[in-house]
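One file, coords_29.cif, carrying mmCIF, C-alpha atoms:
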```cif
data_start
#
loop_
_atom_site.label_atom_id
_atom_site.label_comp_id
_atom_site.auth_asym_id
_atom_site.auth_seq_id
_atom_site.Cartn_x
_atom_site.Cartn_y
_atom_site.Cartn_z
CA MET A 1 39.05 -11.99 -23.92
CA ASP A 2 39.22 -8.39 -25.22
CA LYS A 3 37.90 -7.14 -28.57
CA LEU A 4 41.25 -7.53 -30.37
CA GLN A 5 41.66 -11.11 -29.15
CA ARG A 6 38.12 -11.97 -30.29
CA GLU A 7 38.80 -10.50 -33.73
CA GLU A 8 42.04 -12.49 -34.02
CA ALA A 9 40.31 -15.71 -32.97
CA VAL A 10 37.69 -15.17 -35.68
CA ALA A 11 40.30 -14.28 -38.31
CA ASN A 12 42.33 -17.41 -37.49
CA LYS A 13 39.35 -19.59 -38.39
CA LEU A 14 38.20 -17.68 -41.46
CA ARG A 15 38.29 -19.25 -44.88
CA LEU A 16 40.07 -17.17 -47.50
CA LEU A 17 36.85 -16.27 -49.33
CA ASP A 18 35.20 -15.19 -46.08
CA ALA A 19 38.19 -13.01 -45.21
CA VAL A 20 38.02 -11.25 -48.58
CA ARG A 21 34.40 -10.25 -47.89
CA ASP A 22 35.31 -8.38 -44.69
CA LYS A 23 36.74 -4.94 -45.50
CA ALA A 24 38.33 -4.50 -42.10
CA ILE A 25 40.13 -7.85 -42.34
CA VAL A 26 41.18 -7.17 -45.95
CA LYS A 27 42.73 -3.85 -44.92
CA ARG A 28 44.63 -5.45 -42.07
CA GLU A 29 45.82 -8.37 -44.22
CA ILE A 30 47.03 -6.04 -46.99
CA ILE A 31 49.02 -3.96 -44.52
CA ALA A 32 50.44 -7.15 -42.99
CA GLY A 33 51.42 -8.52 -46.40
CA ILE A 34 53.17 -5.32 -47.44
CA THR A 35 54.95 -5.11 -44.07
CA GLY A 36 56.11 -8.72 -44.35
CA PHE A 37 57.34 -8.15 -47.90
CA PHE A 38 59.47 -5.15 -46.94
CA ALA A 39 60.83 -7.04 -43.92
CA ILE A 40 62.09 -9.84 -46.23
CA SER A 41 62.71 -7.77 -49.38
CA TYR A 42 66.46 -7.82 -48.75
CA ILE A 43 66.42 -11.45 -49.94
CA ILE A 44 65.94 -10.23 -53.53
CA ILE A 45 69.43 -8.73 -53.35
CA VAL A 46 71.20 -10.91 -50.77
CA ASN A 47 70.24 -14.35 -52.14
CA PRO A 48 71.69 -13.70 -55.64
CA MET A 49 74.87 -12.35 -54.05
CA ILE A 50 75.33 -15.61 -52.11
CA LEU A 51 74.44 -17.83 -55.07
CA LYS A 52 76.96 -15.89 -57.18
CA ASP A 53 79.71 -17.66 -55.20
CA ALA A 54 78.22 -20.95 -56.38
CA GLY A 55 78.53 -19.81 -60.00
CA ILE A 56 74.90 -18.86 -60.69
CA PRO A 57 74.79 -15.52 -62.57
CA THR A 58 73.53 -12.77 -60.26
CA ASP A 59 71.32 -11.09 -62.85
CA LEU A 60 69.53 -14.39 -63.49
CA SER A 61 69.17 -15.59 -59.89
CA VAL A 62 67.39 -12.31 -59.11
CA PHE A 63 64.54 -13.52 -61.32
CA ALA A 64 64.68 -17.01 -59.76
CA THR A 65 64.47 -15.51 -56.25
CA ILE A 66 61.51 -13.29 -57.09
CA ILE A 67 59.56 -15.85 -59.13
CA SER A 68 60.00 -18.67 -56.60
CA SER A 69 58.89 -16.31 -53.80
CA PHE A 70 55.88 -15.17 -55.82
CA ILE A 71 54.74 -18.72 -56.58
CA GLY A 72 55.46 -19.89 -53.03
CA CYS A 73 53.42 -17.12 -51.43
CA LEU A 74 50.46 -17.83 -53.73
CA ILE A 75 50.60 -21.55 -52.89
CA MET A 76 50.80 -20.73 -49.18
CA GLY A 77 47.91 -18.28 -49.43
CA PHE A 78 45.50 -20.33 -51.53
CA TRP A 79 46.38 -23.84 -50.30
CA ALA A 80 47.18 -23.31 -46.62
CA ASN A 81 45.37 -20.00 -46.00
CA ALA A 82 48.28 -19.09 -43.73
CA PRO A 83 50.03 -15.71 -43.28
CA VAL A 84 53.48 -17.13 -44.02
CA ILE A 85 55.91 -15.83 -46.65
CA LEU A 86 58.01 -18.34 -48.59
CA THR A 87 61.36 -17.25 -50.01
CA PRO A 88 64.78 -18.82 -50.66
CA GLY A 89 66.10 -19.27 -47.14
CA MET A 90 69.11 -17.69 -45.53
CA GLY A 91 71.13 -20.57 -44.11
CA VAL A 92 70.07 -23.15 -46.64
CA ASN A 93 71.40 -20.91 -49.42
CA ALA A 94 74.71 -20.73 -47.53
CA PHE A 95 74.72 -24.54 -47.25
CA PHE A 96 73.90 -24.74 -50.98
CA THR A 97 76.80 -22.44 -51.91
CA TYR A 98 79.56 -22.81 -49.35
CA THR A 99 79.15 -26.45 -48.34
CA VAL A 100 77.84 -28.22 -51.45
CA VAL A 101 79.62 -26.18 -54.14
CA VAL A 102 82.66 -24.54 -52.53
CA ALA A 103 83.64 -27.13 -49.89
CA MET A 104 82.51 -30.33 -51.65
CA GLY A 105 83.50 -29.15 -55.11
CA LEU A 106 80.20 -29.94 -56.83
CA SER A 107 78.78 -27.77 -59.61
CA TRP A 108 75.83 -25.45 -59.09
CA GLN A 109 73.86 -27.70 -61.43
CA GLU A 110 74.54 -30.66 -59.11
CA ALA A 111 73.60 -28.49 -56.13
CA LEU A 112 70.25 -27.79 -57.81
CA GLY A 113 69.87 -31.54 -58.32
CA ILE A 114 70.55 -32.11 -54.62
CA SER A 115 67.96 -29.46 -53.81
CA ILE A 116 65.37 -31.19 -56.01
CA VAL A 117 65.96 -34.66 -54.52
CA SER A 118 65.90 -33.29 -50.96
CA SER A 119 62.66 -31.48 -51.71
CA VAL A 120 61.05 -34.64 -53.09
CA ILE A 121 61.77 -36.34 -49.75
CA TYR A 122 60.41 -33.24 -48.00
CA VAL A 123 57.20 -33.47 -50.07
CA ILE A 124 56.78 -37.16 -49.18
CA ILE A 125 57.11 -36.37 -45.46
CA ALA A 126 54.76 -33.38 -45.70
CA PHE A 127 51.96 -35.26 -47.48
CA THR A 128 52.05 -38.38 -45.30
CA LYS A 129 51.42 -39.08 -41.63
CA LEU A 130 55.13 -38.65 -41.01
CA SER A 131 54.61 -34.90 -40.68
CA ASP A 132 52.03 -35.38 -37.89
CA VAL A 133 54.22 -37.91 -36.10
CA LEU A 134 57.23 -35.59 -36.21
CA ALA A 135 55.21 -32.51 -35.22
CA LYS A 136 53.57 -34.29 -32.26
CA GLY A 137 56.97 -35.64 -31.23
CA ILE A 138 58.24 -32.15 -30.43
CA PRO A 139 57.82 -31.46 -26.68
CA ASP A 140 56.14 -28.17 -25.75
CA THR A 141 59.28 -26.90 -24.01
CA LEU A 142 61.26 -27.31 -27.23
CA LYS A 143 58.51 -25.63 -29.27
CA ALA A 144 58.72 -22.63 -26.95
CA GLY A 145 62.52 -22.69 -27.24
CA ILE A 146 62.28 -22.74 -31.04
CA THR A 147 60.04 -19.67 -31.07
CA ALA A 148 62.26 -17.78 -28.60
CA GLY A 149 65.42 -18.83 -30.43
CA ILE A 150 64.09 -17.60 -33.76
CA GLY A 151 63.03 -14.41 -32.01
CA LEU A 152 66.53 -13.82 -30.63
CA PHE A 153 67.93 -14.58 -34.09
CA LEU A 154 65.66 -11.91 -35.56
CA VAL A 155 66.80 -9.43 -32.89
CA GLU A 156 70.42 -10.13 -33.84
CA ILE A 157 69.63 -9.66 -37.54
CA GLY A 158 67.79 -6.45 -36.81
CA LEU A 159 70.59 -5.04 -34.66
CA GLU A 160 73.11 -5.84 -37.40
CA LYS A 161 70.94 -4.19 -40.04
CA ALA A 162 70.64 -1.15 -37.80
CA GLN A 163 74.45 -1.23 -37.35
CA LEU A 164 73.85 -1.07 -33.60
CA ILE A 165 76.15 -4.08 -33.20
CA ARG A 166 79.23 -5.09 -35.17
CA GLN A 167 82.06 -7.59 -34.98
CA GLY A 168 84.31 -6.63 -32.09
CA THR A 169 88.09 -6.50 -31.99
CA ASN A 170 88.46 -7.73 -28.41
CA SER A 171 85.04 -9.38 -28.22
CA ILE A 172 82.66 -11.31 -30.44
CA LEU A 173 80.31 -8.35 -30.75
CA ALA A 174 80.66 -4.67 -30.00
CA LEU A 175 78.48 -1.58 -30.03
CA GLY A 176 78.22 0.04 -33.44
CA ASP A 177 79.21 3.60 -34.28
CA LEU A 178 76.35 5.75 -33.01
CA THR A 179 77.56 8.70 -35.07
CA LYS A 180 76.85 7.00 -38.40
CA PRO A 181 73.82 8.39 -40.27
CA ALA A 182 72.43 4.89 -40.94
CA THR A 183 72.60 3.97 -37.24
CA LEU A 184 70.94 7.22 -36.20
CA LEU A 185 68.23 6.63 -38.81
CA ALA A 186 67.65 3.13 -37.41
CA LEU A 187 67.34 4.53 -33.88
CA PHE A 188 64.82 7.08 -35.14
CA GLY A 189 62.89 4.29 -36.87
CA LEU A 190 62.98 2.13 -33.74
CA LEU A 191 61.61 4.91 -31.51
CA LEU A 192 58.91 5.78 -34.06
CA THR A 193 57.86 2.15 -34.58
CA LEU A 194 57.82 1.45 -30.83
CA PHE A 195 55.60 4.48 -30.30
CA LEU A 196 53.19 3.34 -33.04
CA PHE A 197 53.20 -0.22 -31.68
CA VAL A 198 52.45 0.58 -28.05
CA ARG A 199 49.73 2.98 -29.21
CA ASN A 200 48.16 0.10 -31.18
CA ILE A 201 48.19 2.12 -34.42
CA THR A 202 46.87 0.00 -37.30
CA GLY A 203 49.67 -0.67 -39.78
CA GLY A 204 52.26 0.74 -37.35
CA PHE A 205 55.07 -1.44 -38.69
CA PHE A 206 54.40 -0.43 -42.29
CA ILE A 207 54.10 3.25 -41.33
CA GLY A 208 57.43 2.98 -39.50
CA ILE A 209 59.15 1.49 -42.57
CA LEU A 210 57.61 4.09 -44.88
CA VAL A 211 58.41 7.17 -42.76
CA THR A 212 61.95 5.98 -41.96
CA SER A 213 62.59 5.30 -45.67
CA ILE A 214 61.38 8.80 -46.59
CA VAL A 215 63.66 10.35 -43.94
CA GLY A 216 66.51 8.24 -45.33
CA ILE A 217 65.85 9.52 -48.85
CA VAL A 218 65.72 13.12 -47.65
CA PHE A 219 69.10 12.79 -45.92
CA GLY A 220 70.64 10.62 -48.66
CA ILE A 221 70.98 7.49 -46.51
CA LYS A 222 71.02 4.59 -48.98
CA ASP A 223 72.82 1.36 -48.21
CA GLN A 224 71.44 -1.39 -50.43
CA VAL A 225 73.29 -2.22 -53.64
CA ALA A 226 70.64 -3.10 -56.21
CA PRO A 227 71.64 -5.51 -59.02
CA SER A 228 72.02 -3.88 -62.41
CA VAL A 229 69.19 -5.84 -63.95
CA GLY A 230 65.81 -4.91 -65.36
CA ILE A 231 62.68 -6.68 -66.54
CA GLY A 232 64.07 -6.57 -70.09
CA ASP A 233 66.69 -9.19 -69.12
CA ILE A 234 64.12 -11.81 -68.20
CA GLY A 235 64.56 -13.52 -71.58
CA LYS A 236 67.98 -14.78 -70.41
CA TYR A 237 66.45 -16.35 -67.30
CA ALA A 238 65.80 -19.62 -69.16
CA ASN A 239 69.56 -20.31 -68.94
CA ILE A 240 69.22 -21.46 -65.31
CA VAL A 241 65.74 -23.04 -65.40
CA ALA A 242 65.55 -26.86 -65.08
CA LYS A 243 69.34 -27.24 -64.97
CA GLY A 244 69.53 -29.65 -62.04
CA ASP A 245 72.17 -32.35 -62.63
CA LEU A 246 71.22 -35.81 -61.31
CA SER A 247 73.97 -37.75 -63.09
CA ASN A 248 75.85 -38.46 -59.82
CA VAL A 249 72.78 -39.14 -57.71
CA LEU A 250 74.24 -42.40 -56.33
CA SER A 251 77.63 -40.97 -55.37
CA ILE A 252 78.52 -40.67 -51.66
CA PRO A 253 78.97 -36.86 -51.70
CA PHE A 254 75.59 -36.44 -53.42
CA ILE A 255 73.82 -38.72 -50.92
CA LEU A 256 75.44 -37.04 -47.87
CA ALA A 257 74.51 -33.60 -49.18
CA VAL A 258 70.92 -34.74 -49.81
CA PHE A 259 70.63 -36.07 -46.24
CA SER A 260 71.90 -32.85 -44.67
CA MET A 261 69.81 -30.58 -46.90
CA THR A 262 66.70 -32.68 -46.21
CA MET A 263 67.26 -32.34 -42.47
CA ILE A 264 67.63 -28.58 -42.83
CA LEU A 265 64.51 -28.23 -44.99
CA VAL A 266 62.21 -30.48 -42.96
CA PHE A 267 63.13 -29.46 -39.43
CA GLU A 268 63.94 -25.81 -40.01
CA SER A 269 60.57 -25.38 -41.73
CA MET A 270 58.77 -27.46 -39.10
CA GLY A 271 60.40 -25.56 -36.25
CA LEU A 272 59.74 -22.16 -37.77
CA LEU A 273 56.11 -22.90 -38.64
CA GLU A 274 55.53 -24.33 -35.16
CA GLY A 275 57.05 -21.15 -33.78
CA ILE A 276 55.20 -18.44 -35.70
CA MET A 277 51.86 -19.89 -36.89
CA PRO A 278 49.01 -18.06 -35.11
CA ASN A 279 46.69 -21.00 -35.83
CA PRO A 280 48.32 -24.43 -35.23
CA GLN A 281 45.51 -26.13 -37.18
CA LYS A 282 46.95 -24.67 -40.38
CA PHE A 283 50.37 -26.22 -39.77
CA ARG A 284 49.91 -29.32 -41.94
CA LYS A 285 48.85 -27.48 -45.10
CA ALA A 286 51.46 -24.76 -44.53
CA PHE A 287 54.10 -27.48 -44.21
CA GLN A 288 52.85 -29.01 -47.46
CA ALA A 289 52.88 -25.65 -49.26
CA SER A 290 56.46 -25.10 -48.10
CA SER A 291 57.56 -28.52 -49.39
CA VAL A 292 56.01 -28.07 -52.84
CA THR A 293 57.54 -24.61 -53.25
CA SER A 294 60.92 -25.94 -52.15
CA PHE A 295 60.74 -28.51 -54.95
CA LEU A 296 59.73 -25.90 -57.53
CA SER A 297 62.58 -23.57 -56.50
CA GLY A 298 65.14 -26.17 -57.58
CA ILE A 299 63.55 -26.28 -61.03
CA LEU A 300 63.34 -22.47 -61.13
CA GLY A 301 67.10 -22.18 -60.58
CA THR A 302 67.58 -21.13 -56.96
CA SER A 303 68.34 -22.62 -53.56
CA PRO A 304 65.33 -24.05 -51.67
CA THR A 305 62.58 -21.82 -50.39
CA VAL A 306 61.56 -22.00 -46.74
CA ALA A 307 59.14 -20.16 -44.49
CA ALA A 308 60.74 -16.79 -43.78
CA ALA A 309 61.28 -15.92 -40.12
CA GLU A 310 60.36 -12.37 -41.12
CA SER A 311 56.80 -13.66 -41.64
CA ALA A 312 56.47 -12.97 -37.93
CA SER A 313 56.53 -9.25 -38.80
CA ALA A 314 53.46 -9.73 -40.98
CA ILE A 315 51.73 -11.77 -38.28
CA GLU A 316 52.48 -9.15 -35.62
CA SER A 317 50.99 -6.57 -38.03
CA GLY A 318 47.70 -8.47 -37.94
CA GLY A 319 48.10 -11.08 -40.68
CA ARG A 320 45.97 -14.12 -39.91
CA THR A 321 44.88 -15.57 -43.27
CA GLY A 322 46.36 -16.54 -46.61
CA LEU A 323 45.54 -13.09 -47.95
CA THR A 324 48.68 -11.82 -46.20
CA ALA A 325 50.83 -14.29 -48.13
CA ILE A 326 49.05 -13.50 -51.41
CA VAL A 327 49.65 -9.77 -50.97
CA ALA A 328 53.33 -10.43 -50.22
CA GLY A 329 53.51 -12.63 -53.33
CA LEU A 330 52.00 -9.89 -55.48
CA MET A 331 54.55 -7.46 -54.04
CA PHE A 332 57.31 -9.82 -55.17
CA ALA A 333 55.75 -9.87 -58.67
CA VAL A 334 55.58 -6.06 -58.77
CA SER A 335 59.20 -5.86 -57.61
CA LEU A 336 60.25 -7.40 -60.95
CA PHE A 337 59.62 -4.00 -62.48
CA PHE A 338 61.21 -1.97 -59.69
CA ILE A 339 64.28 -3.96 -58.58
CA PRO A 340 66.60 -0.89 -58.46
CA LEU A 341 64.02 1.05 -56.40
CA LEU A 342 64.37 -1.43 -53.51
CA ALA A 343 67.67 0.30 -52.80
CA PHE A 344 65.65 3.27 -51.52
CA VAL A 345 64.30 1.16 -48.63
CA PRO A 346 67.39 1.15 -46.36
CA GLN A 347 68.24 -1.60 -43.92
CA ALA A 348 67.80 1.00 -41.18
CA ALA A 349 64.09 1.22 -42.05
CA ILE A 350 63.58 -2.54 -41.92
CA ALA A 351 65.66 -3.19 -38.79
CA PRO A 352 63.21 -1.74 -36.19
CA VAL A 353 60.38 -4.01 -37.34
CA ILE A 354 62.62 -7.07 -37.15
CA ILE A 355 63.94 -6.13 -33.68
CA ILE A 356 60.46 -5.58 -32.22
CA THR A 357 59.11 -8.77 -33.81
CA GLY A 358 61.97 -10.80 -32.38
CA ALA A 359 61.41 -9.33 -28.93
CA LEU A 360 57.73 -10.27 -29.06
CA MET A 361 58.56 -13.86 -30.03
CA MET A 362 60.86 -14.20 -27.03
CA ASN A 363 57.92 -13.97 -24.64
CA GLN A 364 57.58 -17.72 -25.25
CA LEU A 365 60.32 -18.17 -22.64
CA SER A 366 57.56 -17.78 -20.06
CA ARG A 367 56.14 -21.15 -21.18
CA ILE A 368 59.32 -23.04 -20.25
CA ASN A 369 59.62 -24.57 -16.78
CA MET A 370 62.82 -22.92 -15.60
CA TYR A 371 62.80 -25.07 -12.42
CA ASP A 372 63.19 -28.31 -14.38
CA PHE A 373 66.73 -28.37 -15.79
CA SER A 374 66.02 -31.37 -18.03
CA ASP A 375 63.31 -29.25 -19.70
CA TRP A 376 65.07 -25.90 -19.60
CA PHE A 377 68.60 -26.75 -20.76
CA PRO A 378 67.69 -28.29 -24.16
CA ALA A 379 65.45 -25.29 -24.84
CA PHE A 380 68.28 -23.02 -23.70
CA LEU A 381 70.62 -24.62 -26.24
CA ILE A 382 68.12 -23.91 -29.01
CA VAL A 383 67.62 -20.31 -27.88
CA VAL A 384 71.33 -19.43 -27.79
CA LEU A 385 72.70 -21.55 -30.64
CA ILE A 386 70.23 -20.39 -33.31
CA PRO A 387 71.50 -16.78 -33.18
CA PHE A 388 75.10 -17.63 -32.22
CA THR A 389 75.54 -20.02 -35.17
CA SER A 390 73.14 -18.14 -37.51
CA SER A 391 71.55 -21.52 -38.21
CA ILE A 392 68.09 -22.59 -37.10
CA SER A 393 68.86 -26.23 -37.92
CA THR A 394 72.01 -26.26 -35.75
CA GLY A 395 70.12 -24.90 -32.75
CA LEU A 396 67.38 -27.49 -33.27
CA ALA A 397 69.93 -30.28 -33.57
CA PHE A 398 71.66 -29.58 -30.25
CA GLY A 399 68.36 -29.08 -28.43
CA PHE A 400 66.78 -32.26 -29.76
CA VAL A 401 69.87 -34.35 -29.02
CA ALA A 402 70.19 -32.96 -25.49
CA TYR A 403 66.52 -33.46 -24.56
CA PRO A 404 66.40 -37.29 -24.53
CA LEU A 405 69.91 -37.52 -23.06
CA LEU A 406 68.97 -35.34 -20.07
CA LYS A 407 65.65 -37.13 -19.53
CA ILE A 408 67.46 -40.49 -19.48
CA ALA A 409 70.14 -39.10 -17.14
CA ALA A 410 67.38 -37.87 -14.81
CA GLY A 411 65.72 -41.29 -14.86
CA ARG A 412 62.61 -39.87 -16.53
CA GLN A 413 62.71 -41.74 -19.82
CA ARG A 414 58.97 -42.44 -19.48
CA GLU A 415 58.42 -38.85 -20.60
CA LEU A 416 60.04 -39.66 -23.95
CA THR A 417 58.17 -40.88 -27.00
CA ILE A 418 59.44 -42.95 -29.90
CA ALA A 419 59.36 -39.81 -32.04
CA THR A 420 61.59 -38.01 -29.51
CA TYR A 421 64.19 -40.80 -29.74
CA VAL A 422 64.01 -40.83 -33.54
CA LEU A 423 64.32 -37.05 -33.80
CA GLY A 424 67.27 -37.03 -31.41
CA PHE A 425 69.02 -39.75 -33.42
CA LEU A 426 68.34 -38.03 -36.76
CA PHE A 427 69.67 -34.72 -35.49
CA LEU A 428 72.74 -36.47 -34.08
CA CYS A 429 73.35 -37.98 -37.53
CA ASP A 430 72.88 -34.54 -39.05
CA LEU A 431 75.51 -33.02 -36.74
CA VAL A 432 77.97 -35.81 -37.49
CA LEU A 433 77.45 -35.60 -41.25
CA SER A 434 77.62 -31.81 -41.22
CA ALA A 435 80.98 -32.05 -39.46
CA LEU A 436 82.25 -34.53 -42.07
CA LEU A 437 81.02 -32.60 -45.14
#
```
Final structure tokens representation of the file:
Amino acid sequence: MDKLQREEAVANKLRLLDAVRDKAIVKREIIAGITGFFAISYIIIVNPMILKDAGIPTDLSVFATIISSFIGCLIMGFWANAPVILTPGMGVNAFFTYTVVVAMGLSWQEALGISIVSSVIYVIIAFTKLSDVLAKGIPDTLKAGITAGIGLFLVEIGLEKAQLIRQGTNSILALGDLTKPATLLALFGLLLTLFLFVRNITGGFFIGILVTSIVGIVFGIKDQVAPSVGIGDIGKYANIVAKGDLSNVLSIPFILAVFSMTMILVFESMGLLEGIMPNPQKFRKAFQASSVTSFLSGILGTSPTVAAAESASAIESGGRTGLTAIVAGLMFAVSLFFIPLLAFVPQAAIAPVIIITGALMMNQLSRINMYDFSDWFPAFLIVVLIPFTSSISTGLAFGFVAYPLLKIAAGRQRELTIATYVLGFLFLCDLVLSALL
């Protein structure tokens, strides 16, 4: 075990107060928190734009996004002591808007009510032995597939942000226009960040984002559209707080939506935390912190918060304790005063960090037994379907349904546990209900 590995092993076990007393660890955690914040900062702009289609005013959901992220990161940091950032999740916000409101015809107030009820169930699971049973019921091959699948998803996101890939005319994806300034800036940022990373430069990811952003400013490369809202508008925010409508809680559409959203929240969060947590012993409390914040987000007026996949950027930058999450939370709080300035951090500056982080997560493929098809194929489904469908929960569903089916077909049902059967059945129900909604 080299020096860096020993330091990481110590940091993984440190209590938050002990970490704060070590200047070297504090420096690393601060850099990791800032890096993680910038990697996920796009959510401050993107989430309100998606929720706008549900009818929630953009200028108000900006505050809901920031405040729920701030509170969630503090809960994660102080309660779980884990380097995980909580924000309204991409995917679940699309389900909230385009399935619950647009497709099912429910109001955004009812969608918030669905979010609250789903989160209550999530909290019950997280604070009981059910969480341990479900976590232990996930085979190692599927855990590795989850990590690799999320990694490939991050690579896809990063390549899109860098405009290195785009929707093709004669194919699903095509190479982007390499003559565009934003694409060239992203390539510069990728080369710079790779150089800093392989040289083991402390804070390399953050330095890459900062330098690339400065180059973008110098050459006038600015691609984010910041909402026209300032801290002075926060007085209007009360108009979307505690507006969840539970009047139709016993209706069939409400119940079906609650089931599907609960499945997304529980298993997407479980899969992501299993995939990125540097210290598995912190999983339970991190899972609990995620569930509580998800519940609070419904009251605060936004779609549910989840553990951000971009937390992996903070972890790869050295984040090992809750101080990383706390720093990211404070950055969200500070962003309340500088929302328009986030437009000066272009997607091209963030993309390299996301691409490299995703690539690092994909090394988990080495843990999968490629010579056992009944192990490999379910993991393969997770790896390819998460990025291809842009849904972590969909990838998990197909993988978890396929795993017991292949084991039974191979005559190796003794390798299956009760939890594996239950998870497979629940995910099958989720796929069926999602198709019917």
Practice prompt. Pick out the residues sitting within 9 Å of segment 308-311 of chain A, and hand them over as a PyMOL selection string; count all atoms listed in the file, and ignore anything fewer than 2 positions along from it in its own chain.
Written response: chain A and resi 33+36-37+39-40+83-90+150-151+154+269+272-273+276+305-306+313-316+325+354+357
Go ahead and save the residues from that selection, with C-alpha atoms, as a PDB file, in the coordinates of the input.
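As written to disk, part-v7.pdb reads:
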```pdb
ATOM      1  CA  GLY A  33      51.420  -8.520 -46.400  1.00  0.00           C
ATOM      2  CA  GLY A  36      56.110  -8.720 -44.350  1.00  0.00           C
ATOM      3  CA  PHE A  37      57.340  -8.150 -47.900  1.00  0.00           C
ATOM      4  CA  ALA A  39      60.830  -7.040 -43.920  1.00  0.00           C
ATOM      5  CA  ILE A  40      62.090  -9.840 -46.230  1.00  0.00           C
ATOM      6  CA  PRO A  83      50.030 -15.710 -43.280  1.00  0.00           C
ATOM      7  CA  VAL A  84      53.480 -17.130 -44.020  1.00  0.00           C
ATOM      8  CA  ILE A  85      55.910 -15.830 -46.650  1.00  0.00           C
ATOM      9  CA  LEU A  86      58.010 -18.340 -48.590  1.00  0.00           C
ATOM     10  CA  THR A  87      61.360 -17.250 -50.010  1.00  0.00           C
ATOM     11  CA  PRO A  88      64.780 -18.820 -50.660  1.00  0.00           C
ATOM     12  CA  GLY A  89      66.100 -19.270 -47.140  1.00  0.00           C
ATOM     13  CA  MET A  90      69.110 -17.690 -45.530  1.00  0.00           C
ATOM     14  CA  ILE A 150      64.090 -17.600 -33.760  1.00  0.00           C
ATOM     15  CA  GLY A 151      63.030 -14.410 -32.010  1.00  0.00           C
ATOM     16  CA  LEU A 154      65.660 -11.910 -35.560  1.00  0.00           C
ATOM     17  CA  SER A 269      60.570 -25.380 -41.730  1.00  0.00           C
ATOM     18  CA  LEU A 272      59.740 -22.160 -37.770  1.00  0.00           C
ATOM     19  CA  LEU A 273      56.110 -22.900 -38.640  1.00  0.00           C
ATOM     20  CA  ILE A 276      55.200 -18.440 -35.700  1.00  0.00           C
ATOM     21  CA  THR A 305      62.580 -21.820 -50.390  1.00  0.00           C
ATOM     22  CA  VAL A 306      61.560 -22.000 -46.740  1.00  0.00           C
ATOM     23  CA  SER A 313      56.530  -9.250 -38.800  1.00  0.00           C
ATOM     24  CA  ALA A 314      53.460  -9.730 -40.980  1.00  0.00           C
ATOM     25  CA  ILE A 315      51.730 -11.770 -38.280  1.00  0.00           C
ATOM     26  CA  GLU A 316      52.480  -9.150 -35.620  1.00  0.00           C
ATOM     27  CA  ALA A 325      50.830 -14.290 -48.130  1.00  0.00           C
ATOM     28  CA  ILE A 354      62.620  -7.070 -37.150  1.00  0.00           C
ATOM     29  CA  THR A 357      59.110  -8.770 -33.810  1.00  0.00           C
TER      30      THR A 357
END
```
Give me the segment 131-201 of chain A side of the contact with segment 360-384 of chain A, cut-off 8 Å, one line per residue showing its nearest atom pair and distance in Å at one decimal, counting all atoms listed in the file, sorted by chain and residue number, as JSON lines.
```
{"residue": "A:Thr141", "atom": "CA", "partner": "A:Ile368", "partner_atom": "CA", "distance": 5.4}
{"residue": "A:Leu142", "atom": "CA", "partner": "A:Ala379", "partner_atom": "CA", "distance": 5.2}
{"residue": "A:Ala144", "atom": "CA", "partner": "A:Gln364", "partner_atom": "CA", "distance": 5.3}
{"residue": "A:Gly145", "atom": "CA", "partner": "A:Ala379", "partner_atom": "CA", "distance": 4.6}
{"residue": "A:Ile146", "atom": "CA", "partner": "A:Ile382", "partner_atom": "CA", "distance": 6.3}
{"residue": "A:Thr147", "atom": "CA", "partner": "A:Met361", "partner_atom": "CA", "distance": 6.1}
{"residue": "A:Ala148", "atom": "CA", "partner": "A:Met362", "partner_atom": "CA", "distance": 4.2}
{"residue": "A:Gly149", "atom": "CA", "partner": "A:Val383", "partner_atom": "CA", "distance": 3.7}
{"residue": "A:Ile150", "atom": "CA", "partner": "A:Val383", "partner_atom": "CA", "distance": 7.4}
{"residue": "A:Gly151", "atom": "CA", "partner": "A:Met361", "partner_atom": "CA", "distance": 4.9}
{"residue": "A:Leu152", "atom": "CA", "partner": "A:Met362", "partner_atom": "CA", "distance": 6.7}
```
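For the pair atom CA of Tyr421 of chain A and atom CA of Glu274 of chain A, the interatomic distance is 19.4 Å.
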Could you give me, as a tab-separated table, a per-residue list for segment 65-182 of chain A showing, wherever an atom lies at most 10 Å from an atom of segment 244-261 of chain A, the closest pair of atoms and their distance in Å to one decimal, using all atoms listed in the file and sorting by chain then residue number from low to high?
```
residue	atom	partner	partner_atom	distance
A:Val92	CA	A:Met261	CA	7.4
A:Phe95	CA	A:Met261	CA	7.8
A:Phe96	CA	A:Met261	CA	8.2
A:Thr99	CA	A:Ala257	CA	8.6
A:Val100	CA	A:Ala257	CA	6.7
A:Met104	CA	A:Pro253	CA	7.4
A:Gly105	CA	A:Pro253	CA	9.6
A:Leu106	CA	A:Phe254	CA	8.7
A:Ser107	CA	A:Asp245	CA	8.6
A:Trp108	CA	A:Gly244	CA	8.1
A:Gln109	CA	A:Gly244	CA	4.8
A:Glu110	CA	A:Asp245	CA	4.6
A:Ala111	CA	A:Gly244	CA	7.3
A:Leu112	CA	A:Gly244	CA	4.7
A:Gly113	CA	A:Gly244	CA	4.2
A:Ile114	CA	A:Val258	CA	5.5
A:Ser115	CA	A:Met261	CA	7.2
A:Ile116	CA	A:Gly244	CA	7.5
A:Val117	CA	A:Val258	CA	6.8
A:Ser118	CA	A:Val258	CA	5.4
A:Ser119	CA	A:Met261	CA	8.7
A:Ile121	CA	A:Val258	CA	9.3
A:Tyr122	CA	A:Met261	CA	9.8
```
Target residues per the PyMOL selection byres ((chain A and resi 232) around 12), formatted as a PyMOL selection string: chain A and resi 59-60+63+228-231+233-237+336-339
